[in-house]
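K.L.:
My structure is stored as input_23.txt, with compact mmCIF, C-alpha atoms and all ligand atoms.
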# COMPACT_ATOMS: atom_id res chain seq x y z
CA MET A 1293 -21.84 10.82 5.46
CA ARG A 1294 -20.25 14.02 6.68
CA ARG A 1295 -22.95 15.00 9.11
CA GLY A 1296 -22.28 12.35 11.72
CA PRO A 1297 -18.63 13.12 12.34
CA VAL A 1298 -19.23 16.88 12.29
CA LEU A 1299 -21.99 16.50 14.84
CA ILE A 1300 -19.71 14.42 17.04
CA TRP A 1301 -16.96 17.03 16.88
CA LEU A 1302 -19.42 19.75 17.83
CA LEU A 1303 -20.71 17.72 20.73
CA ALA A 1304 -17.32 16.50 21.88
CA PRO A 1305 -16.71 19.13 24.58
CA ALA A 1306 -20.15 18.50 26.06
CA LEU A 1307 -19.61 14.74 25.96
CA LEU A 1308 -16.29 15.12 27.74
CA LEU A 1309 -17.86 17.25 30.47
CA ALA A 1310 -20.60 14.69 30.90
CA ALA A 1311 -18.20 11.73 31.04
CA PRO A 1312 -19.48 9.53 33.85
CA VAL A 1313 -17.32 8.85 36.85
CA ARG A 1314 -17.91 5.48 38.42
CA PRO A 1315 -19.48 5.82 41.88
CA GLY A 1316 -16.84 5.77 44.55
CA SER A 1317 -13.96 6.02 42.10
CA VAL A 1318 -11.63 8.90 41.61
CA PRO A 1319 -10.95 10.26 38.12
CA LEU A 1320 -7.58 8.98 36.95
CA SER A 1321 -6.05 12.44 36.83
CA ALA A 1322 -6.76 13.04 40.51
CA GLN A 1323 -5.24 9.80 41.77
CA VAL A 1324 -1.92 10.30 43.51
CA THR A 1325 0.67 7.57 43.85
CA ALA A 1326 3.59 7.93 46.23
CA ILE A 1327 6.68 5.81 45.68
CA ARG A 1328 9.01 5.44 48.62
CA ALA A 1329 12.39 4.58 47.10
CA GLY A 1330 15.16 3.13 49.24
CA GLN A 1331 17.66 4.52 46.74
CA LEU A 1332 17.21 6.79 43.74
CA VAL A 1333 19.87 6.94 41.02
CA ASP A 1334 20.48 10.06 38.95
CA PRO A 1335 22.33 8.64 35.92
CA GLU A 1336 23.31 12.04 34.56
CA ALA A 1337 25.14 12.95 37.76
CA GLY A 1338 26.10 9.36 38.58
CA THR A 1339 24.83 9.84 42.14
CA VAL A 1340 22.49 8.03 44.55
CA ALA A 1341 20.02 9.62 46.97
CA ARG A 1342 18.51 7.67 49.86
CA ASP A 1343 14.93 7.41 51.11
CA VAL A 1344 13.28 9.55 48.48
CA VAL A 1345 9.54 10.06 48.00
CA ILE A 1346 8.33 10.41 44.41
CA LEU A 1347 4.78 11.62 43.85
CA VAL A 1348 2.95 10.70 40.66
CA GLU A 1349 -0.27 12.29 39.49
CA GLY A 1350 -2.07 12.16 36.17
CA GLY A 1351 0.72 10.11 34.63
CA ARG A 1352 3.39 12.67 35.55
CA PHE A 1353 5.91 13.15 38.29
CA GLY A 1354 4.94 15.59 41.01
CA ALA A 1355 7.14 16.56 43.94
CA ILE A 1356 10.32 14.50 44.44
CA GLY A 1357 12.55 14.60 47.51
CA PRO A 1358 13.45 13.20 50.91
CA ASN A 1359 10.88 15.13 52.93
CA ILE A 1360 7.83 15.18 50.73
CA ALA A 1361 4.50 14.89 52.52
CA ILE A 1362 2.37 12.07 51.15
CA PRO A 1363 -1.18 13.34 50.48
CA SER A 1364 -3.90 11.46 52.32
CA GLY A 1365 -5.62 8.96 50.10
CA ALA A 1366 -2.53 8.44 47.95
CA GLU A 1367 -1.60 4.92 46.98
CA VAL A 1368 1.76 4.22 48.58
CA ILE A 1369 4.25 1.92 46.87
CA ASP A 1370 7.06 0.93 49.19
CA LEU A 1371 10.35 0.00 47.55
CA PRO A 1372 12.67 0.27 50.58
CA THR A 1373 15.18 -2.34 49.42
CA LEU A 1374 15.23 -1.42 45.73
CA THR A 1375 17.15 1.09 43.67
CA VAL A 1376 14.88 3.28 41.58
CA LEU A 1377 16.16 4.74 38.35
CA PRO A 1378 14.82 6.19 35.10
CA GLY A 1379 13.71 3.82 32.37
CA LEU A 1380 16.18 2.38 29.87
CA VAL A 1381 16.42 3.16 26.15
CA ASP A 1382 17.27 0.80 23.31
CA ALA A 1383 18.22 3.19 20.53
CA HIS A 1384 17.98 0.59 17.75
CA ASN A 1385 15.59 -2.33 17.77
CA HIS A 1386 13.20 -3.93 15.27
CA LEU A 1387 10.08 -4.89 17.18
CA ALA A 1388 8.09 -6.12 14.17
CA LEU A 1389 10.84 -8.40 12.92
CA THR A 1390 11.81 -11.69 14.52
CA TYR A 1391 13.82 -14.01 12.38
CA LYS A 1392 14.74 -17.38 13.73
CA GLU A 1393 16.54 -20.64 13.08
CA GLU A 1394 13.33 -22.46 12.06
CA PRO A 1395 12.24 -22.16 9.32
CA GLU A 1396 14.32 -19.36 7.82
CA SER A 1397 17.85 -20.12 9.14
CA ASN A 1398 17.98 -16.57 10.53
CA VAL A 1399 17.66 -15.00 7.08
CA TYR A 1400 15.23 -12.09 7.42
CA TYR A 1401 14.81 -11.88 3.66
CA LEU A 1402 12.65 -14.97 4.13
CA THR A 1403 10.87 -13.73 7.25
CA TYR A 1404 9.24 -10.90 5.43
CA VAL A 1405 8.11 -13.19 2.65
CA LEU A 1406 6.72 -15.75 5.08
CA GLU A 1407 5.11 -13.47 7.69
CA SER A 1408 2.43 -10.87 6.98
CA THR A 1409 2.54 -7.34 8.32
CA PRO A 1410 -0.49 -8.00 10.59
CA LEU A 1411 1.26 -11.02 12.13
CA ARG A 1412 4.43 -9.00 12.57
CA ALA A 1413 2.45 -6.17 14.15
CA ILE A 1414 1.09 -8.58 16.77
CA GLN A 1415 4.61 -9.90 17.35
CA ALA A 1416 5.70 -6.27 17.78
CA ALA A 1417 3.07 -5.76 20.47
CA SER A 1418 4.45 -8.79 22.29
CA ASN A 1419 8.06 -7.71 21.80
CA GLY A 1420 7.19 -4.25 23.13
CA ILE A 1421 5.71 -5.77 26.29
CA GLN A 1422 8.83 -7.94 26.66
CA MET A 1423 11.06 -4.87 26.31
CA LEU A 1424 9.05 -2.96 28.93
CA ALA A 1425 9.30 -5.91 31.32
CA SER A 1426 13.10 -5.62 31.06
CA GLY A 1427 12.96 -1.91 31.91
CA PHE A 1428 13.11 -0.38 28.43
CA THR A 1429 10.61 2.47 28.58
CA ILE A 1430 11.75 3.96 25.25
CA VAL A 1431 12.60 2.03 22.10
CA ARG A 1432 13.75 3.51 18.83
CA ASP A 1433 12.23 1.14 16.29
CA MET A 1434 14.43 1.51 13.24
CA GLY A 1435 12.71 -0.07 10.26
CA ASN A 1436 12.23 -3.55 8.79
CA ASN A 1437 8.77 -3.49 10.32
CA GLY A 1438 6.63 -4.45 7.32
CA ASN A 1439 4.09 -1.96 6.11
CA TYR A 1440 4.29 0.55 8.99
CA ALA A 1441 3.61 -1.96 11.77
CA ASP A 1442 5.90 0.30 13.83
CA THR A 1443 3.54 3.25 13.45
CA ALA A 1444 0.58 1.03 14.36
CA LEU A 1445 2.36 -0.16 17.49
CA ARG A 1446 3.29 3.38 18.52
CA LEU A 1447 -0.28 4.61 18.04
CA ALA A 1448 -1.78 1.63 19.89
CA ILE A 1449 0.48 2.28 22.89
CA GLU A 1450 -0.10 6.05 22.80
CA GLN A 1451 -3.86 5.66 22.53
CA GLY A 1452 -3.98 3.27 25.49
CA TRP A 1453 -4.85 -0.06 23.92
CA LEU A 1454 -1.95 -1.93 25.45
CA PRO A 1455 1.26 -1.44 27.43
CA GLY A 1456 4.60 -0.87 25.77
CA PRO A 1457 7.60 1.42 25.61
CA THR A 1458 7.40 4.87 24.11
CA ILE A 1459 8.17 4.16 20.46
CA ILE A 1460 10.29 6.40 18.26
CA ASN A 1461 9.75 4.73 14.89
CA SER A 1462 11.37 5.19 11.53
CA GLY A 1463 8.75 3.82 9.17
CA ILE A 1464 10.28 2.14 6.14
CA ILE A 1465 14.05 2.31 5.64
CA ILE A 1466 14.92 4.45 2.62
CA GLY A 1467 17.70 3.28 0.34
CA GLY A 1468 18.89 3.16 -3.21
CA MET A 1469 17.13 0.57 -5.33
CA GLY A 1470 17.04 -2.75 -3.50
CA GLY A 1471 17.62 -1.42 -0.01
CA GLN A 1472 19.70 -4.01 1.82
CA PHE A 1473 18.53 -6.74 -0.54
CA TRP A 1474 20.03 -7.98 -3.78
CA PRO A 1475 16.83 -9.12 -5.49
CA THR A 1476 16.53 -10.78 -8.87
CA PRO A 1477 15.50 -8.47 -11.73
CA GLU A 1478 12.11 -10.10 -12.11
CA MET A 1479 11.32 -9.99 -8.40
CA ALA A 1480 12.50 -6.39 -8.08
CA ARG A 1481 11.11 -4.93 -11.30
CA ASP A 1482 8.03 -7.08 -11.92
CA LYS A 1483 6.98 -7.93 -8.37
CA GLY A 1484 8.28 -4.95 -6.41
CA ILE A 1485 9.52 -7.40 -3.78
CA VAL A 1486 11.72 -4.90 -1.96
CA TYR A 1487 8.64 -3.04 -0.71
CA PRO A 1488 7.59 -2.76 2.11
CA GLU A 1489 10.96 -3.55 3.68
CA TYR A 1490 12.62 -0.64 1.86
CA LEU A 1491 11.63 2.47 -0.05
CA ASP A 1492 13.64 2.91 -3.23
CA ALA A 1493 14.96 6.47 -3.59
CA ASP A 1494 17.67 6.99 -6.20
CA THR A 1495 17.13 10.58 -7.28
CA PRO A 1496 16.56 13.87 -5.44
CA ASP A 1497 12.84 13.77 -6.29
CA GLU A 1498 12.56 10.23 -4.97
CA ILE A 1499 14.44 11.16 -1.80
CA VAL A 1500 12.01 14.00 -1.09
CA LYS A 1501 9.02 11.80 -1.85
CA ALA A 1502 10.25 8.93 0.33
CA VAL A 1503 10.87 11.20 3.33
CA ARG A 1504 7.41 12.71 2.91
CA GLN A 1505 5.82 9.26 2.65
CA ASN A 1506 7.37 8.18 5.94
CA ALA A 1507 6.40 11.43 7.64
CA LEU A 1508 2.86 11.04 6.30
CA PHE A 1509 2.58 7.51 7.63
CA GLY A 1510 3.78 8.30 11.13
CA ALA A 1511 7.57 8.07 11.24
CA LYS A 1512 9.21 9.97 14.12
CA VAL A 1513 12.74 9.61 12.75
CA ILE A 1514 14.03 8.92 9.24
CA LYS A 1515 16.29 5.94 8.60
CA ILE A 1516 18.40 5.72 5.48
CA CYS A 1517 20.79 3.18 3.99
CA VAL A 1518 23.90 5.31 3.51
CA ASP A 1519 26.03 2.64 1.86
CA CYS A 1520 24.01 -0.56 1.48
CA LYS A 1521 25.08 -0.50 -2.16
CA PRO A 1522 28.62 0.31 -3.39
CA TRP A 1523 27.45 3.64 -4.84
CA GLY A 1524 25.48 4.66 -1.73
CA TYR A 1525 24.37 8.20 -1.03
CA SER A 1526 26.58 11.24 -1.58
CA VAL A 1527 27.08 14.01 0.97
CA GLU A 1528 24.66 16.19 -1.03
CA GLU A 1529 22.01 13.47 -1.08
CA ILE A 1530 22.33 12.89 2.66
CA ARG A 1531 22.00 16.64 3.19
CA LEU A 1532 18.82 16.57 1.12
CA PHE A 1533 17.44 13.84 3.40
CA ILE A 1534 18.33 15.90 6.45
CA ALA A 1535 16.77 19.09 5.06
CA GLU A 1536 13.57 17.39 3.94
CA ALA A 1537 13.22 15.48 7.21
CA ALA A 1538 13.76 18.72 9.15
CA LYS A 1539 10.69 20.22 7.50
CA ALA A 1540 8.66 17.50 9.25
CA GLY A 1541 10.61 17.99 12.48
CA LEU A 1542 12.48 14.72 12.05
CA LYS A 1543 16.12 13.70 12.42
CA VAL A 1544 17.97 11.22 10.19
CA GLU A 1545 19.76 8.05 11.25
CA GLY A 1546 22.09 6.40 8.79
CA HIS A 1547 22.74 2.70 8.46
CA VAL A 1548 26.48 2.80 7.80
CA GLN A 1549 28.73 -0.16 7.08
CA THR A 1550 31.82 1.32 5.37
CA VAL A 1551 34.40 3.93 6.30
CA SER A 1552 33.61 6.01 3.21
CA GLY A 1553 29.91 5.84 4.06
CA ALA A 1554 30.67 6.99 7.59
CA ALA A 1555 32.80 9.85 6.27
CA ARG A 1556 29.95 11.05 4.02
CA ALA A 1557 27.30 10.72 6.72
CA ILE A 1558 29.43 12.61 9.22
CA GLU A 1559 30.31 15.35 6.75
CA ALA A 1560 26.63 15.77 5.92
CA GLY A 1561 25.89 16.21 9.64
CA ILE A 1562 23.65 13.20 10.18
CA TRP A 1563 21.92 12.84 13.59
CA SER A 1564 23.00 9.29 14.42
CA ILE A 1565 24.97 6.44 12.91
CA ALA A 1566 23.86 2.84 13.23
CA HIS A 1567 26.41 0.00 13.33
CA ASP A 1568 30.12 0.21 13.97
CA SER A 1569 31.82 -1.45 11.01
CA GLY A 1570 32.73 1.85 9.34
CA LEU A 1571 33.70 3.65 12.54
CA THR A 1572 37.47 4.06 12.67
CA PRO A 1573 39.28 6.21 15.26
CA GLU A 1574 39.30 9.04 12.71
CA MET A 1575 35.54 8.76 12.22
CA HIS A 1576 35.06 8.72 15.99
CA GLU A 1577 37.08 11.94 16.25
CA ARG A 1578 34.82 13.62 13.74
CA MET A 1579 31.67 12.27 15.40
CA ALA A 1580 32.81 13.60 18.76
CA GLU A 1581 33.51 17.02 17.23
CA LYS A 1582 30.07 17.20 15.67
CA GLY A 1583 28.17 15.51 18.50
CA ILE A 1584 26.86 12.74 16.26
CA PHE A 1585 25.23 9.92 18.21
CA ARG A 1586 26.68 6.44 17.89
CA ALA A 1587 24.24 3.51 17.82
CA GLY A 1588 26.91 0.88 17.38
CA THR A 1589 24.68 -2.21 17.84
CA GLU A 1590 27.41 -4.14 19.68
CA THR A 1591 26.35 -7.78 19.59
CA PRO A 1592 27.77 -9.72 22.57
CA ILE A 1593 29.66 -12.96 22.05
CA THR A 1594 27.18 -14.63 24.41
CA LEU A 1595 24.46 -14.46 21.74
CA VAL A 1596 25.92 -17.43 19.93
CA GLY A 1597 25.64 -17.36 16.16
CA HIS A 1598 24.96 -13.62 15.94
CA THR A 1599 28.61 -12.54 15.95
CA SER A 1600 32.01 -14.24 15.68
CA PRO A 1601 35.05 -14.04 17.99
CA GLN A 1602 36.94 -11.89 15.45
CA ARG A 1603 34.02 -9.57 14.87
CA TYR A 1604 33.34 -9.30 18.59
CA GLU A 1605 36.95 -8.37 19.28
CA ARG A 1606 36.70 -5.55 16.74
CA THR A 1607 33.36 -4.45 18.16
CA VAL A 1608 34.75 -4.25 21.70
CA ALA A 1609 37.85 -2.34 20.54
CA ARG A 1610 35.77 0.13 18.53
CA LEU A 1611 33.38 0.75 21.41
CA ARG A 1612 36.32 1.41 23.70
CA ASP A 1613 37.83 3.79 21.16
CA ALA A 1614 34.56 5.67 20.76
CA PHE A 1615 34.27 6.04 24.54
CA GLU A 1616 37.82 7.33 24.88
CA ARG A 1617 37.28 9.89 22.13
CA GLY A 1618 34.11 11.22 23.70
CA VAL A 1619 31.58 10.15 21.07
CA PRO A 1620 27.97 10.43 22.34
CA LEU A 1621 27.23 6.75 22.96
CA THR A 1622 23.80 5.19 22.94
CA PHE A 1623 22.85 1.67 23.95
CA SER A 1624 21.60 -0.05 20.83
CA THR A 1625 21.04 -3.67 20.00
CA ASP A 1626 19.62 -4.15 16.52
CA ALA A 1627 17.67 -6.98 18.19
CA ASP A 1628 15.51 -8.59 15.53
CA TYR A 1629 15.81 -12.33 16.14
CA TYR A 1630 14.61 -15.04 18.45
CA VAL A 1631 16.96 -16.62 20.94
CA PRO A 1632 15.21 -19.67 22.39
CA GLY A 1633 14.64 -19.28 26.10
CA MET A 1634 15.03 -15.50 26.08
CA THR A 1635 12.53 -12.66 25.77
CA ARG A 1636 13.26 -9.74 23.43
CA GLY A 1637 14.02 -7.69 26.56
CA GLU A 1638 16.49 -10.28 27.83
CA VAL A 1639 18.20 -10.39 24.43
CA SER A 1640 18.54 -6.60 24.52
CA ILE A 1641 19.87 -6.36 28.09
CA GLU A 1642 22.43 -9.05 27.22
CA PHE A 1643 24.29 -6.39 25.21
CA ILE A 1644 25.73 -4.94 28.43
CA GLU A 1645 28.26 -7.80 28.13
CA THR A 1646 29.97 -5.97 25.26
CA TRP A 1647 30.04 -2.72 27.21
CA LYS A 1648 31.61 -4.48 30.19
CA ALA A 1649 34.17 -6.13 27.90
CA ALA A 1650 35.07 -2.69 26.52
CA GLY A 1651 35.85 -1.54 30.05
CA ILE A 1652 33.27 1.23 30.04
CA PRO A 1653 32.59 2.40 33.61
CA ASN A 1654 29.16 1.48 34.96
CA ALA A 1655 28.10 5.12 35.26
CA ASP A 1656 28.85 5.66 31.57
CA ILE A 1657 27.08 2.48 30.49
CA LEU A 1658 24.07 3.70 32.45
CA ARG A 1659 24.29 7.14 30.81
CA ALA A 1660 24.28 5.50 27.38
CA MET A 1661 21.20 3.51 28.41
CA THR A 1662 19.36 6.53 29.83
CA THR A 1663 20.52 10.12 29.38
CA ASN A 1664 21.96 9.72 25.89
CA GLY A 1665 19.03 7.51 24.94
CA TYR A 1666 16.61 10.33 25.80
CA ARG A 1667 18.70 12.78 23.81
CA VAL A 1668 18.90 10.65 20.67
CA SER A 1669 15.14 10.02 21.01
CA GLU A 1670 14.54 13.74 21.59
CA THR A 1671 12.47 13.09 24.71
CA GLN A 1672 14.94 14.63 27.17
CA ASP A 1673 12.62 17.57 27.98
CA THR A 1674 9.45 15.52 28.46
CA ARG A 1675 10.26 11.91 29.24
CA GLY A 1676 13.15 9.98 30.69
CA PRO A 1677 14.64 11.83 33.66
CA ILE A 1678 12.77 11.44 36.96
CA ARG A 1679 11.86 15.11 37.21
CA THR A 1680 8.75 17.04 38.25
CA GLY A 1681 6.37 17.50 35.34
CA PHE A 1682 7.92 14.75 33.22
CA ALA A 1683 6.11 11.58 32.14
CA ALA A 1684 6.15 9.18 35.09
CA ASP A 1685 8.36 6.38 33.79
CA LEU A 1686 10.71 4.60 36.18
CA ILE A 1687 12.12 1.20 37.02
CA ALA A 1688 13.61 -0.41 40.11
CA VAL A 1689 16.22 -3.11 40.53
CA ALA A 1690 17.53 -5.08 43.50
CA GLY A 1691 21.17 -3.97 43.34
CA ASN A 1692 22.78 -0.67 42.42
CA PRO A 1693 23.73 -0.54 38.72
CA LEU A 1694 26.43 2.04 39.49
CA ASP A 1695 28.20 -0.69 41.49
CA ASP A 1696 27.18 -3.65 39.34
CA ILE A 1697 25.67 -3.00 35.92
CA ASP A 1698 24.34 -6.58 35.89
CA ALA A 1699 21.74 -5.40 38.42
CA LEU A 1700 19.83 -4.25 35.33
CA ARG A 1701 19.25 -7.87 34.38
CA ASP A 1702 16.66 -8.25 37.11
CA VAL A 1703 14.14 -5.43 36.87
CA ARG A 1704 11.73 -5.82 39.80
CA PHE A 1705 9.44 -2.85 39.21
CA VAL A 1706 8.35 -0.84 36.16
CA MET A 1707 6.11 2.21 36.01
CA LYS A 1708 5.09 3.66 32.65
CA ASP A 1709 3.10 6.88 32.37
CA GLY A 1710 2.23 6.59 36.05
CA LEU A 1711 0.78 3.07 35.77
CA VAL A 1712 2.42 0.08 37.43
CA PHE A 1713 3.43 -2.44 34.79
CA LYS A 1714 5.60 -4.73 36.91
CA ARG A 1715 5.75 -5.23 40.66
CA ASP A 1716 7.81 -7.68 42.74
CA GLY A 1717 9.31 -8.93 39.48
CA VAL A 1718 5.90 -9.93 38.08
CA MET A 1719 4.12 -8.21 35.19
CA THR A 1720 0.75 -6.77 36.23
CA PRO A 1721 -0.27 -4.90 33.09
CA GLY A 1722 -4.05 -5.05 33.57
CA ALA A 1723 -4.38 -1.29 34.07
CA PHE A 1724 -2.94 -0.70 30.59
CA PHE A 1725 -5.51 -2.66 28.61
CA HIS A 1726 -8.56 -0.80 27.35
CA GLY A 1727 -11.39 -1.46 24.96
CA GLY A 1728 -10.82 1.86 23.25
CA PRO A 1729 -8.43 4.77 22.81
CA VAL A 1730 -8.68 6.09 26.36
CA ASN A 1731 -5.78 8.47 25.82
CA GLY A 1732 -7.45 10.02 22.78
CA TRP A 1733 -7.51 9.17 19.15
CA ASN A 1734 -4.64 10.19 16.89
CA ILE A 1735 -3.73 9.01 13.43
CA ARG A 1736 -0.11 10.17 13.28
ZN ZN A 1801 18.90 -2.53 12.43
So that I can check it, write out the structure of this file as structure tokens.
Ligand SMILES: [Zn+2]
P.N.:
Amino acid sequence: MRRGPVLIWLLAPALLLAAPVRPGSVPLSAQVTAIRAGQLVDPEAGTVARDVVILVEGGRFGAIGPNIAIPSGAEVIDLPTLTVLPGLVDAHNHLALTYKEEPESNVYYLTYVLESTPLRAIQAASNGIQMLASGFTIVRDMGNNGNYADTALRLAIEQGWLPGPTIINSGIIIGGMGGQFWPTPEMARDKGIVYPEYLDADTPDEIVKAVRQNALFGAKVIKICVDCKPWGYSVEEIRLFIAEAAKAGLKVEGHVQTVSGAARAIEAGIWSIAHDSGLTPEMHERMAEKGIFRAGTETPITLVGHTSPQRYERTVARLRDAFERGVPLTFSTDADYYVPGMTRGEVSIEFIETWKAAGIPNADILRAMTTNGYRVSETQDTRGPIRTGFAADLIAVAGNPLDDIDALRDVRFVMKDGLVFKRDGVMTPGAFFHGGPVNGWNIR
């Protein structure tokens, strides 16, 4: 049994060298694409350059500038009337969870009983494509994804099976016994019903083990329930999460819903805080001091049934307060439900309504959706900015989002890893589909 694989490994370099190139075709790495952008936005600087040429080769950006010579034989993509900008980031989504009115009355406790992990994984593939079509080239997928459907989706996209955003996934959310559920004793103790939606970790040993399990099964960030139960995690326990995750090179995001939970998470020095209900002005001050990312998941009033007027008012006021106090803001949606007539991407982009209502300037909304998104995802040195040597992800819209942030609602063009996913407003993802792992095989 061992001989075969060993032989293949030994032969691998020779096989690669002998890889056939179709007659008349050019190896992918040698193909050059030149994008002629009418306008190019730099979200970090909040500036626009005109008539810029962007070269793309081997899935990465090459030379970028106004007077770049286009190599002969390059494929030229003309976008003279569009505004090109880096891809968007949703810092908190749940691609393998879609609860809905029928049959579960939007109660996700039922969704995970009714829908298998394989079904949810296929839904995640679809949701990922829908996100990419709306310009989200990076999605932090923050748990409630069945039995590591999020890792499977990330690997499938990375290996080249199908198109999708770059996924930064959390694996299973770690919490005290029960996670976010309040199960019956028999279902919790006898049936273990909380798994795989949550990993129970109530002691230091269990915390270490849970972090290691997620790292082993492909998590790229650790997500914990800071205060899903009244007792929650202490500052020391959160620090243990952070220290153990750091050994695997991972950061920790906390689901926080109370002020005391926020205070503990901030004191412990957590990487990012999800949800805004515990984030008072005092907490915002401390977050700004420590540079803790805010993934507030600000549901807009326009998504009827998913917030209330009172809650929305508080959400808007808190977002405004966080902005004024200089908290690092990320664009985050917590999207995990079906809104009839809307794609997952359209549901996510709808959240700009809350940011507009909070009076955040367009340039700062765009920074939250790009620059800060790359930072919280830890891709800022490899992927996100349109910069030579970086992964070639970009989008284009008809208007200029610095003038009108609603321009982001109509993404006309999407490039991911140098491949065109959407052109003239129509998805053309054929180049992404492969019958095997063309980008290489990886298990983590
Ligand atoms: Zn969430």
K.L.:
Residues around (7.7, -13.1, 26.1), cut-off 12 Å, counting all atoms listed in the file - what are they as a short mmCIF file (atom, residue, chain, number, x, y, z; two decimals) with C-alpha atoms, in the frame of the given file?
P.N.:
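Ended up saving to part.cif:
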data_model
loop_
_atom_site.label_atom_id
_atom_site.label_comp_id
_atom_site.auth_asym_id
_atom_site.auth_seq_id
_atom_site.Cartn_x
_atom_site.Cartn_y
_atom_site.Cartn_z
CA GLN A 1415 4.61 -9.90 17.35
CA ALA A 1416 5.70 -6.27 17.78
CA ALA A 1417 3.07 -5.76 20.47
CA SER A 1418 4.45 -8.79 22.29
CA ASN A 1419 8.06 -7.71 21.80
CA GLY A 1420 7.19 -4.25 23.13
CA ILE A 1421 5.71 -5.77 26.29
CA GLN A 1422 8.83 -7.94 26.66
CA MET A 1423 11.06 -4.87 26.31
CA LEU A 1424 9.05 -2.96 28.93
CA ALA A 1425 9.30 -5.91 31.32
CA SER A 1426 13.10 -5.62 31.06
CA TYR A 1630 14.61 -15.04 18.45
CA VAL A 1631 16.96 -16.62 20.94
CA PRO A 1632 15.21 -19.67 22.39
CA GLY A 1633 14.64 -19.28 26.10
CA MET A 1634 15.03 -15.50 26.08
CA THR A 1635 12.53 -12.66 25.77
CA ARG A 1636 13.26 -9.74 23.43
CA GLY A 1637 14.02 -7.69 26.56
CA GLU A 1638 16.49 -10.28 27.83
CA VAL A 1639 18.20 -10.39 24.43
CA MET A 1719 4.12 -8.21 35.19
#
K.L.:
Residues within 12 Å of ligand ZN 1801 (chain A) (only C-alpha atoms and all ligand atoms), as a ChimeraX atom specification?
P.N.:
/A:1382-1390,1400,1432-1437,1461-1462,1464-1465,1472,1489,1515-1517,1545-1549,1565-1568,1587-1591,1624-1629
K.L.:
Could you pull out every residue with an atom within 12 Å of (35.1, 3.0, 23.2), file coordinates, counting only C-alpha atoms, and send them as a PyMOL selection string?
P.N.:
chain A and resi 1568+1571-1573+1576-1577+1580+1586+1588+1590+1606-1622+1646-1653+1656-1657+1660
K.L.:
Please dump the current selection as a compact mmCIF listing (two decimals), keeping the file's coordinate frame; keep C-alpha atoms.
P.N.:
# COMPACT_ATOMS: atom_id res chain seq x y z
CA ASP A 1568 30.12 0.21 13.97
CA LEU A 1571 33.70 3.65 12.54
CA THR A 1572 37.47 4.06 12.67
CA PRO A 1573 39.28 6.21 15.26
CA HIS A 1576 35.06 8.72 15.99
CA GLU A 1577 37.08 11.94 16.25
CA ALA A 1580 32.81 13.60 18.76
CA ARG A 1586 26.68 6.44 17.89
CA GLY A 1588 26.91 0.88 17.38
CA GLU A 1590 27.41 -4.14 19.68
CA ARG A 1606 36.70 -5.55 16.74
CA THR A 1607 33.36 -4.45 18.16
CA VAL A 1608 34.75 -4.25 21.70
CA ALA A 1609 37.85 -2.34 20.54
CA ARG A 1610 35.77 0.13 18.53
CA LEU A 1611 33.38 0.75 21.41
CA ARG A 1612 36.32 1.41 23.70
CA ASP A 1613 37.83 3.79 21.16
CA ALA A 1614 34.56 5.67 20.76
CA PHE A 1615 34.27 6.04 24.54
CA GLU A 1616 37.82 7.33 24.88
CA ARG A 1617 37.28 9.89 22.13
CA GLY A 1618 34.11 11.22 23.70
CA VAL A 1619 31.58 10.15 21.07
CA PRO A 1620 27.97 10.43 22.34
CA LEU A 1621 27.23 6.75 22.96
CA THR A 1622 23.80 5.19 22.94
CA THR A 1646 29.97 -5.97 25.26
CA TRP A 1647 30.04 -2.72 27.21
CA LYS A 1648 31.61 -4.48 30.19
CA ALA A 1649 34.17 -6.13 27.90
CA ALA A 1650 35.07 -2.69 26.52
CA GLY A 1651 35.85 -1.54 30.05
CA ILE A 1652 33.27 1.23 30.04
CA PRO A 1653 32.59 2.40 33.61
CA ASP A 1656 28.85 5.66 31.57
CA ILE A 1657 27.08 2.48 30.49
CA ALA A 1660 24.28 5.50 27.38
K.L.:
I want to know what sits within 7 Å of range 1342-1345 of chain A, based on all atoms listed in the file, with residues of the same chain fewer than 6 positions away left out; could you give that as number ranges by chain?
P.N.:
A: 1326-1332, 1356-1358, 1360
K.L.:
Between A:Gly1728, A:Gly1691, A:Gly1541, A:Gly1468, which one has atoms that come closest to Val1518 in chain A, using all atoms listed in the file?
P.N.:
A:Gly1468
K.L.:
In Å, rounded to a single decimal, give me how far CA of Gly1471 in chain A is from CA of Ala1413 in chain A.
P.N.:
21.3 Å
K.L.:
Pick out the residues sitting within 10 Å of Thr1403 in chain A, and hand them over as a PyMOL selection string; count all atoms listed in the file, and ignore anything fewer than 4 positions along from it in its own chain.
P.N.:
chain A and resi 1389-1392+1395-1399+1407-1408+1412
K.L.:
Hey, could you make a per-residue contact list for range 1598-1714 of chain A against range 1361-1370 of chain A with 12 Å as the cut-off, showing the nearest pair of atoms and its distance in Å to one decimal, counting all atoms listed in the file, sorted by chain and number, as a Markdown table?
P.N.:
| residue | atom | partner | partner_atom | distance |
| --- | --- | --- | --- | --- |
| A:Ala1688 | CA | A:Asp1370 | CA | 11.3 |
| A:Phe1705 | CA | A:Ile1369 | CA | 10.4 |
| A:Val1706 | CA | A:Ile1369 | CA | 11.8 |
| A:Met1707 | CA | A:Ile1369 | CA | 11.0 |
| A:Gly1710 | CA | A:Glu1367 | CA | 11.7 |
| A:Leu1711 | CA | A:Glu1367 | CA | 11.6 |
| A:Val1712 | CA | A:Ile1369 | CA | 9.8 |
K.L.:
So what do you get for CA of Glu1536 in chain A versus CA of Val1431 in chain A, distance-wise?
P.N.:
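Distance between the two atoms: 23.8 Å.
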